[in-house]
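Written out below as structure tokens is the structure these notes cover.
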Amino acid sequence: MVSYYLQLLILWHFFLGCYCASALQSAAVPPPSKSRPLDVVIYGATGFTGKLAAKYMHENYATVKYALAGRSRSKLEQLRDELGCDDDDDIPLLIADYANVTSLEHLVQSTKVVVNYAGTPFGDKALPLVGACARYGTCYADITGEVPFQRASYDLYHDLAVASGALVLHACGYDSIPSDVGAWLAANAMEEEFHQKCTSLELVSRRTRGGASGGTLATALALLFHSKDIPGVNEAKQRGCYGLDPKKNPIDPEDTTPLGPDTSDTVGFVQYDPISES
């Protein structure tokens, strides 16, 4: 059975697609929904989490036009067979490799939204896909919690995505769905039930089903032992706890000082700020 958190993840991706289609109506570029045959492309569909996403999409969103994408046609065909589909009329298969920018550009121009499950780590594999989405106004979401990758994604492609109308949303996985979306739901419920604003919130994690996938473990090892080769690591470290702060202060664009209230009490980019609690 697909876990509750994975269901939240898929729903988050699906509603992102709906929101993207609406938001692009007012963007500076023509909305891709008018000319693109697909609603969603699941990239990295044959991986551990990608398979779960494909299965959930197939079982719950029959009216959504989606495709499975990855590097291996044989693996994609095997997955499609497992889903009980026979040919491209049911579920199209798209072959694309992060090392082949042309294949990624063809992929992103065929759909309104790309959901990316191909990482291990994302830092040195997903940036070309983010870049292609940013160039062609295709919305993008992934499941990674890699702060350096998100830093590099913002530094390289934020302005381009703003210009094209692409919405780029990282961390739609276990790192953020229970905490961020859970906090939003809890704060809304408190206001609706008790008419009180939420001033602080604590997330307590007890027993959970499942564990870390091979991809997650490989990503952790890469960040520990090969971080110098991964884009965004130095930039994130320079900002301490506030590794995803914007480059410029929105109030004073000339001020490039990190926006967080404190950056002196930590040593890495996987951390929290104890001073912010005082």
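By order of appearance in the structure tokens: chains A, B, ..., then residues from 1 within every chain, and ligands from 1 in the order shown.
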
Exercise. List the neighbours of region 75-79 of chain A out to 10 Å using only C-alpha atoms; skip same-chain residues closer than 3 positions along the sequence, and give me the result as an NGL selection string.
Key: :A and (44-47 or 51 or 54-55 or 68-72 or 82-88 or 91-95)

Could you dump the residues just selected with C-alpha atoms as a PDB file, in the first residue's frame?
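part-v5.pdb, freshly written:
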```pdb
ATOM      1  CA  GLY A  44      12.803   8.743 -13.271  1.00  0.00           C
ATOM      2  CA  ALA A  45       9.699   6.556 -13.298  1.00  0.00           C
ATOM      3  CA  THR A  46      11.571   3.244 -13.002  1.00  0.00           C
ATOM      4  CA  GLY A  47      13.315   4.123  -9.736  1.00  0.00           C
ATOM      5  CA  LYS A  51       7.450   3.455  -9.556  1.00  0.00           C
ATOM      6  CA  ALA A  54       3.490   5.932 -11.472  1.00  0.00           C
ATOM      7  CA  LYS A  55       1.362   3.294  -9.772  1.00  0.00           C
ATOM      8  CA  LEU A  68       6.598   7.787 -18.076  1.00  0.00           C
ATOM      9  CA  ALA A  69      10.126   8.991 -18.774  1.00  0.00           C
ATOM     10  CA  GLY A  70      13.650   7.780 -18.141  1.00  0.00           C
ATOM     11  CA  ARG A  71      16.847   6.580 -19.768  1.00  0.00           C
ATOM     12  CA  SER A  72      15.932   2.938 -20.429  1.00  0.00           C
ATOM     13  CA  GLU A  82       3.259  -3.941 -14.594  1.00  0.00           C
ATOM     14  CA  LEU A  83       0.643  -1.187 -14.640  1.00  0.00           C
ATOM     15  CA  GLY A  84      -1.477  -3.262 -17.027  1.00  0.00           C
ATOM     16  CA  CYS A  85      -1.063  -1.062 -20.097  1.00  0.00           C
ATOM     17  CA  ASP A  86      -0.096  -2.232 -23.562  1.00  0.00           C
ATOM     18  CA  ASP A  87       1.113   0.648 -25.699  1.00  0.00           C
ATOM     19  CA  ASP A  88       1.698   4.375 -26.136  1.00  0.00           C
ATOM     20  CA  ILE A  91       0.802   5.585 -21.403  1.00  0.00           C
ATOM     21  CA  PRO A  92       3.437   7.182 -23.670  1.00  0.00           C
ATOM     22  CA  LEU A  93       7.087   6.437 -22.951  1.00  0.00           C
ATOM     23  CA  LEU A  94       9.669   9.213 -23.315  1.00  0.00           C
ATOM     24  CA  ILE A  95      13.401   8.513 -23.443  1.00  0.00           C
TER      25      ILE A  95
END
```

Quiz item: Could you pull out the strand (DSSP E) residues of region 2-191 of chain A from DSSP and send them as a ChimeraX atom specification?
Solution: /A:38-43,66-70,93-95,111-116,139-142,168-169

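Considering the residues A:Ala152, A:Ile177, A:Leu169, A:Ala132 and counting only C-alpha atoms, His106 (chain A) has its shortest atom-to-atom contact with A:Ala132.
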
Self-check item: Separation of CA of Glu146 (chain A) from CA of Ser200 (chain A) in Å
Solution: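 Computed distance, CA of Ser200 (chain A) to CA of Glu146 (chain A), equals 25.2 Å.
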
Self-check item: helix (DSSP H, G or I) per DSSP on the backbone: members of region 24-128 of chain A, as a PyMOL selection string
Solution: chain A and resi 24-26+32-34+48-60+73-82+101-108+127-128

Quiz item: If we count only C-alpha atoms, what is near Ala186 (chain A) at a cut-off of 12 Å, once residues fewer than 3 positions away on the same chain are taken out, given as a PyMOL selection string?
Solution: chain A and resi 178-183+189-194+196-203

File dump, residues just selected, C-alpha atoms, as an mmCIF file, in the first residue's frame:
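This went into result_23.cif:
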```
data_model
loop_
_atom_site.group_PDB
_atom_site.id
_atom_site.type_symbol
_atom_site.label_atom_id
_atom_site.label_comp_id
_atom_site.auth_asym_id
_atom_site.auth_seq_id
_atom_site.Cartn_x
_atom_site.Cartn_y
_atom_site.Cartn_z
ATOM 1 C CA PRO A 178 4.822 16.321 6.758
ATOM 2 C CA SER A 179 6.502 19.417 8.209
ATOM 3 C CA ASP A 180 5.597 22.266 5.852
ATOM 4 C CA VAL A 181 2.202 21.125 4.606
ATOM 5 C CA GLY A 182 1.415 19.632 8.020
ATOM 6 C CA ALA A 183 2.227 22.961 9.684
ATOM 7 C CA ALA A 189 -7.299 24.209 11.572
ATOM 8 C CA MET A 190 -6.379 26.132 14.719
ATOM 9 C CA GLU A 191 -7.671 29.375 13.261
ATOM 10 C CA GLU A 192 -10.870 27.782 11.951
ATOM 11 C CA GLU A 193 -11.676 25.882 15.154
ATOM 12 C CA PHE A 194 -10.429 28.277 17.845
ATOM 13 C CA GLN A 196 -6.493 31.893 17.117
ATOM 14 C CA LYS A 197 -3.392 32.538 15.064
ATOM 15 C CA CYS A 198 -0.543 30.048 15.405
ATOM 16 C CA THR A 199 2.590 31.637 16.873
ATOM 17 C CA SER A 200 4.796 28.530 17.090
ATOM 18 C CA LEU A 201 4.622 24.900 16.086
ATOM 19 C CA GLU A 202 6.643 21.786 16.920
ATOM 20 C CA LEU A 203 6.854 18.706 14.709
#
```

Quiz item: Hey, what's within 8 Å of Val168 (chain A) if we count only C-alpha atoms and toss same-chain stuff fewer than 3 positions away? As a list in words, please?
Solution: Val130, Ala134, Cys139, Tyr140, Ala141 and Ala161 of chain A

Self-check item: Among the residues A:Ile42, A:Cys172, A:Ile230, A:Val147, the one that comes closest to Leu244 (chain A) [using only C-alpha atoms]
Solution: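 Closest candidate: A:Val147.
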
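CA of Ala62 (chain A) to CA of Val41 (chain A) spans 14.1 Å [interatomic distance, one decimal].
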